[in-house]
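Asks: Got a structure for you, start-v1.cif, holding mmCIF, C-alpha atoms.
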data_final
loop_
_atom_site.label_atom_id
_atom_site.label_comp_id
_atom_site.auth_asym_id
_atom_site.auth_seq_id
_atom_site.Cartn_x
_atom_site.Cartn_y
_atom_site.Cartn_z
CA MET P 639 0.00 0.00 0.00
CA LEU P 640 2.74 2.43 1.05
CA ARG P 641 4.80 1.43 -1.98
CA LYS P 642 1.89 2.14 -4.28
CA TRP P 643 1.31 5.58 -2.76
CA THR P 644 4.97 6.55 -2.78
CA THR P 645 5.40 5.39 -6.35
CA MET P 646 2.43 7.47 -7.36
CA ILE P 647 3.68 10.57 -5.56
CA MET P 648 7.20 10.05 -6.89
CA MET P 649 5.89 9.77 -10.44
CA LEU P 650 3.73 12.84 -10.03
CA PHE P 651 6.71 14.83 -8.81
CA MET P 652 9.08 13.59 -11.51
CA VAL P 653 6.66 14.16 -14.34
CA THR P 654 5.28 17.50 -13.19
CA GLY P 655 8.56 18.77 -11.75
CA CYS P 656 10.67 18.03 -14.76
CA SER P 657 8.04 18.91 -17.32
CA LEU P 658 7.78 22.34 -15.70
CA PHE P 659 11.07 23.08 -17.38
CA GLN P 660 10.31 21.30 -20.62
CA GLY P 661 9.42 24.49 -22.45
CA ALA P 662 12.08 26.58 -20.73
CA LYS P 663 14.72 27.40 -23.30
CA PRO P 664 17.55 29.44 -21.86
CA GLU P 665 18.68 32.28 -24.06
CA THR P 666 21.38 33.69 -21.87
CA VAL P 667 24.20 32.47 -19.68
CA ASN P 668 22.32 33.62 -16.56
CA GLN P 669 19.18 31.73 -17.48
CA SER P 670 21.25 28.62 -18.11
CA PHE P 671 22.81 28.87 -14.67
CA PHE P 672 19.40 29.44 -13.12
CA LEU P 673 17.89 26.37 -14.79
CA ALA P 674 20.93 24.21 -14.11
CA TYR P 675 20.77 25.00 -10.36
CA ALA P 676 17.02 24.28 -10.44
CA LEU P 677 17.78 20.89 -11.98
CA VAL P 678 20.42 20.18 -9.33
CA GLN P 679 17.89 21.03 -6.61
CA SER P 680 15.30 18.81 -8.25
CA GLY P 681 17.91 15.98 -8.36
CA TYR P 682 18.51 16.19 -4.61
CA ASP P 683 14.77 16.38 -3.93
CA SER P 684 14.10 13.33 -6.13
CA ILE P 685 16.61 11.27 -4.14
CA GLU P 686 15.01 12.48 -0.89
CA ILE P 687 11.57 11.37 -2.09
CA ALA P 688 12.97 8.01 -3.23
CA ILE P 689 14.43 7.49 0.27
CA LEU P 690 11.14 8.42 1.96
CA GLY P 691 9.34 6.12 -0.46
CA GLY P 692 11.59 3.22 0.50
CA HIS P 693 13.17 2.86 -2.96
CA ILE P 694 16.63 3.73 -1.67
CA LYS P 695 17.49 1.68 1.39
CA THR P 696 21.15 2.29 2.27
CA GLN P 697 23.57 5.20 2.63
CA GLU P 698 25.82 3.56 0.06
CA GLN P 699 23.03 3.47 -2.51
CA ALA P 700 22.02 7.07 -1.79
CA ARG P 701 25.56 8.40 -2.02
CA ARG P 702 26.15 6.60 -5.30
CA LEU P 703 23.13 8.41 -6.74
CA LYS P 704 23.99 11.73 -5.14
CA GLU P 705 27.61 11.84 -6.28
CA PRO P 706 27.02 12.87 -9.96
CA ILE P 707 24.63 15.60 -8.79
CA ASP P 708 27.29 16.83 -6.34
CA ARG P 709 29.79 16.92 -9.20
CA SER P 710 27.37 18.93 -11.33
CA LYS P 711 26.80 21.44 -8.55
CA ALA P 712 30.54 21.81 -7.94
CA ALA P 713 31.12 22.29 -11.69
CA LEU P 714 28.39 24.93 -11.83
CA ASP P 715 29.86 26.78 -8.83
CA ALA P 716 33.32 26.69 -10.43
CA ALA P 717 31.99 27.78 -13.83
CA ARG P 718 30.23 30.74 -12.21
CA VAL P 719 33.35 31.88 -10.41
CA THR P 720 35.38 31.62 -13.62
CA PHE P 721 32.73 33.36 -15.69
CA ASP P 722 32.38 36.22 -13.21
CA ALA P 723 36.13 36.70 -13.12
CA THR P 724 37.10 36.16 -16.74
CA GLY P 725 33.95 36.11 -18.88
CA ILE P 726 35.01 32.68 -20.10
CA LEU P 727 32.36 30.00 -19.95
CA ASP P 728 32.68 26.24 -20.19
CA ASP P 729 29.12 25.70 -21.41
CA GLY P 730 29.55 21.90 -21.37
CA VAL P 731 28.87 22.20 -17.67
CA PHE P 732 25.17 22.84 -18.31
CA ASN P 733 24.76 19.76 -20.43
CA SER P 734 26.61 17.60 -17.93
CA THR P 735 24.08 18.76 -15.31
CA ARG P 736 21.24 17.61 -17.49
CA THR P 737 23.04 14.34 -18.26
CA ALA P 738 23.57 13.69 -14.53
CA LEU P 739 19.90 14.29 -13.81
CA LEU P 740 18.85 12.05 -16.68
CA ALA P 741 21.09 9.25 -15.37
CA LEU P 742 19.63 9.76 -11.88
CA GLN P 743 16.09 9.49 -13.18
CA GLN P 744 16.87 6.34 -15.14
CA THR P 745 18.35 4.79 -12.00
CA LEU P 746 15.35 5.80 -9.89
CA ILE P 747 13.04 4.28 -12.47
CA ALA P 748 15.14 1.09 -12.44
CA LEU P 749 14.80 1.04 -8.64
CA GLY P 750 11.04 0.96 -9.06
CA ALA P 751 10.37 4.61 -8.40
CA GLY P 752 8.37 4.88 -11.59
CA ASP P 753 7.89 3.22 -14.94
CA GLU P 754 7.55 6.25 -17.18
CA THR P 755 9.97 6.49 -20.06
CA THR P 756 12.63 9.13 -19.67
CA SER P 757 11.55 10.83 -22.87
CA SER P 758 8.27 11.83 -21.20
CA LEU P 759 10.17 13.61 -18.43
CA GLY P 760 11.09 16.38 -20.80
CA ILE P 761 14.78 16.66 -20.05
CA THR P 762 16.33 15.06 -23.10
CA SER P 763 15.54 17.44 -25.93
CA GLU P 764 16.99 20.89 -25.31
CA PRO P 765 20.59 21.31 -24.23
CA LEU P 766 21.11 23.85 -21.47
CA GLY P 767 24.33 25.35 -22.75
CA VAL P 768 24.24 28.65 -24.62
CA PRO P 769 26.75 30.50 -26.74
CA ILE P 770 28.02 33.72 -25.19
CA MET J 26 -0.88 -0.85 15.93
CA SER J 27 2.66 0.50 15.97
CA ALA J 28 3.16 -0.52 12.34
CA ALA J 29 -0.05 1.24 11.37
CA LEU J 30 1.08 4.43 13.13
CA GLN J 31 4.46 4.23 11.37
CA LEU J 32 2.70 3.79 8.04
CA ILE J 33 0.48 6.82 8.66
CA ASN J 34 3.47 8.87 9.80
CA ALA J 35 5.47 7.90 6.71
CA LEU J 36 2.56 8.79 4.43
CA ILE J 37 2.10 12.19 6.07
CA SER J 38 5.85 12.96 5.79
CA LEU J 39 5.85 11.90 2.17
CA MET J 40 2.83 13.98 1.26
CA ALA J 41 4.22 17.03 3.07
CA MET J 42 7.50 16.59 1.19
CA ALA J 43 5.77 16.24 -2.19
CA ASP J 44 3.67 19.31 -1.41
CA ARG J 45 6.75 21.35 -0.48
CA LEU J 46 8.54 20.25 -3.64
CA GLY J 47 5.56 21.25 -5.77
CA VAL J 48 5.57 24.72 -4.22
CA ASN J 49 9.35 25.05 -4.70
CA LEU J 50 9.20 24.07 -8.36
CA ASP J 51 6.20 26.28 -9.04
CA SER J 52 7.92 29.34 -7.58
CA VAL J 53 11.13 28.64 -9.51
CA LYS J 54 9.24 28.27 -12.76
CA ALA J 55 7.18 31.40 -12.04
CA LYS J 56 10.34 33.41 -11.42
CA PHE J 57 11.91 32.13 -14.63
CA ASP J 58 8.77 32.79 -16.68
CA GLN J 59 8.42 36.29 -15.21
CA ALA J 60 11.95 37.17 -16.23
CA LYS J 61 11.31 35.89 -19.74
CA ALA J 62 7.99 37.75 -19.99
CA GLU J 63 9.66 40.98 -18.92
CA GLU J 64 12.34 40.26 -21.53
CA ARG J 65 14.99 40.75 -18.93
CA ASP J 66 17.83 38.51 -17.94
CA VAL J 67 17.76 36.51 -14.73
CA THR J 68 19.86 38.50 -12.26
CA SER J 69 22.88 37.21 -10.41
CA VAL J 70 20.89 37.65 -7.16
CA GLU J 71 18.28 35.21 -8.48
CA ILE J 72 21.00 32.76 -9.44
CA ASP J 73 22.46 33.12 -5.92
CA GLU J 74 19.02 32.32 -4.47
CA MET J 75 18.70 29.28 -6.73
CA ALA J 76 22.19 28.07 -5.79
CA ALA J 77 21.31 28.54 -2.09
CA ALA J 78 18.09 26.56 -2.56
CA ALA J 79 20.09 23.74 -4.16
CA ALA J 80 22.54 23.84 -1.24
CA ASP J 81 19.60 23.67 1.23
CA SER J 82 18.19 20.67 -0.60
CA GLU J 83 21.59 19.01 -0.40
CA LYS J 84 21.77 19.62 3.37
CA GLY J 85 18.28 18.17 3.87
CA LEU J 86 19.22 15.15 1.81
CA GLU J 87 22.46 14.61 3.78
CA SER J 88 20.48 14.60 7.06
CA LEU J 89 18.09 12.05 5.64
CA ILE J 90 20.90 9.85 4.27
CA ALA J 91 22.48 9.80 7.75
CA THR J 92 19.37 8.03 9.08
CA LEU J 93 19.80 5.11 6.66
CA PRO J 94 21.87 1.99 7.39
CA THR J 95 25.32 2.22 5.80
CA SER J 96 24.82 -0.90 3.70
CA GLU J 97 22.28 -3.69 3.22
CA GLY J 98 21.74 -5.81 6.33
CA GLU J 99 23.40 -3.42 8.77
CA PRO J 100 21.37 -1.90 11.60
CA GLU J 101 20.47 1.82 11.39
#
What is this file in structure tokens?

Replies:
Amino acid sequence: MLRKWTTMIMMLFMVTGCSLFQGAKPETVNQSFFLAYALVQSGYDSIEIAILGGHIKTQEQARRLKEPIDRSKAALDAARVTFDATGILDDGVFNSTRTALLALQQTLIALGAGDETTSSLGITSEPLGVPI
Amino acid sequence: MSAALQLINALISLMAMADRLGVNLDSVKAKFDQAKAEERDVTSVEIDEMAAAAADSEKGLESLIATLPTSEGEPE
């Protein structure tokens, strides 16, 4: 019963949460940073919901899922510092954020947190990176 | 009885969490859409706020992870 409810809530969050940004196409560096941080936040929140829903059972499992999101956040922080100081942007950092979130969602789905296809989550089509 | 209470408690926590997430995402999207509608760029202050929100989510997640057993079969 609990599993059914948590799966339903998890799916609702993943589909609505991620599809919120489906139509969001960043046109500037700032918007790309904004969206990338929003995706990072949504990654952490997804893992939290999967823990509460009983899909992630150990610290080891949770940290394995969290690690790519941590890397994305660190890369974003570093890219921002560099961009503010030099005006030089490694825009691959935005796409790696999206890739990390996509991998996270696929893993959560594999863990039973939902059976939707990743294409319906709306995070595969538009790259986040923008030319300066 | 205890199991039933735990189940209810878990459901309430989960629904509160899902509700909070929905509000978070809605406000982020609204802020982004507003900036686009006004044809202005997202400011660095707004990016700072978004980065802080991500950091808060990470802290919350870390606290939750700490309550899990370290690996399968080990006690919490």

Asks: How many Å lie between CA of Glu64 (chain J) and CA of Ala676 (chain P), rounded to one decimal?

Replies: 20.0 Å

Asks: Using 8 Å as the limit and counting only C-alpha atoms, can you tabulate each residue of region 701-721 of chain P that touches region 731-736 of chain P, with its shortest atom-to-atom distance in Å and the two atoms involved, as JSON lines?

Replies:
{"residue": "P:Ile707", "atom": "CA", "partner": "P:Thr735", "partner_atom": "CA", "distance": 7.3}
{"residue": "P:Ser710", "atom": "CA", "partner": "P:Thr735", "partner_atom": "CA", "distance": 5.2}
{"residue": "P:Lys711", "atom": "CA", "partner": "P:Thr735", "partner_atom": "CA", "distance": 7.8}
{"residue": "P:Ala713", "atom": "CA", "partner": "P:Val731", "partner_atom": "CA", "distance": 6.4}
{"residue": "P:Leu714", "atom": "CA", "partner": "P:Val731", "partner_atom": "CA", "distance": 6.5}
{"residue": "P:Ala717", "atom": "CA", "partner": "P:Val731", "partner_atom": "CA", "distance": 7.5}

Asks: Using only C-alpha atoms, tabulate the residues of chain P lying at most 6 Å from any atom of chain J, each with its closest atom pair and that distance in Å to one decimal, by chain and increasing residue number, as CSV.

Replies:
residue,atom,partner,partner_atom,distance
P:Asn668,CA,J:Val67,CA,5.7
P:Gln669,CA,J:Val67,CA,5.7
P:Phe672,CA,J:Ile72,CA,5.2
P:Tyr675,CA,J:Ala76,CA,5.7
P:Gln679,CA,J:Ala79,CA,4.3
P:Tyr682,CA,J:Glu83,CA,5.9
P:Glu686,CA,J:Leu86,CA,5.7
P:Thr696,CA,J:Ser96,CA,5.1
P:Gln697,CA,J:Thr95,CA,4.7
P:Glu698,CA,J:Ser96,CA,5.8

Asks: Can you write just those residues out, C-alpha atoms, as a compact mmCIF listing (two decimals), keeping the file's coordinate frame?

Replies:
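Saved result, selection22.txt, follows:
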# COMPACT_ATOMS: atom_id res chain seq x y z
CA ASN P 668 22.32 33.62 -16.56
CA GLN P 669 19.18 31.73 -17.48
CA PHE P 672 19.40 29.44 -13.12
CA TYR P 675 20.77 25.00 -10.36
CA GLN P 679 17.89 21.03 -6.61
CA TYR P 682 18.51 16.19 -4.61
CA GLU P 686 15.01 12.48 -0.89
CA THR P 696 21.15 2.29 2.27
CA GLN P 697 23.57 5.20 2.63
CA GLU P 698 25.82 3.56 0.06

Asks: In Å, how far is it from CA of Ser670 (chain P) to CA of Ile689 (chain P)?

Replies: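 Straight-line distance from CA of Ser670 (chain P) to CA of Ile689 (chain P) works out to 28.8 Å.
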
Asks: Just want the 8 Å neighbourhood of Leu739 (chain P), counted on all atoms listed in the file, with same-chain residues fewer than 6 positions away dropped. Output as a list in words.

Replies: Leu677, Val678, Gly681 and Ile707 of chain P

Asks: Suppose you want the space between CA of Thr666 (chain P) and CA of Ala723 (chain P); what is it in Å?

Replies: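 It comes out at 17.4 Å.
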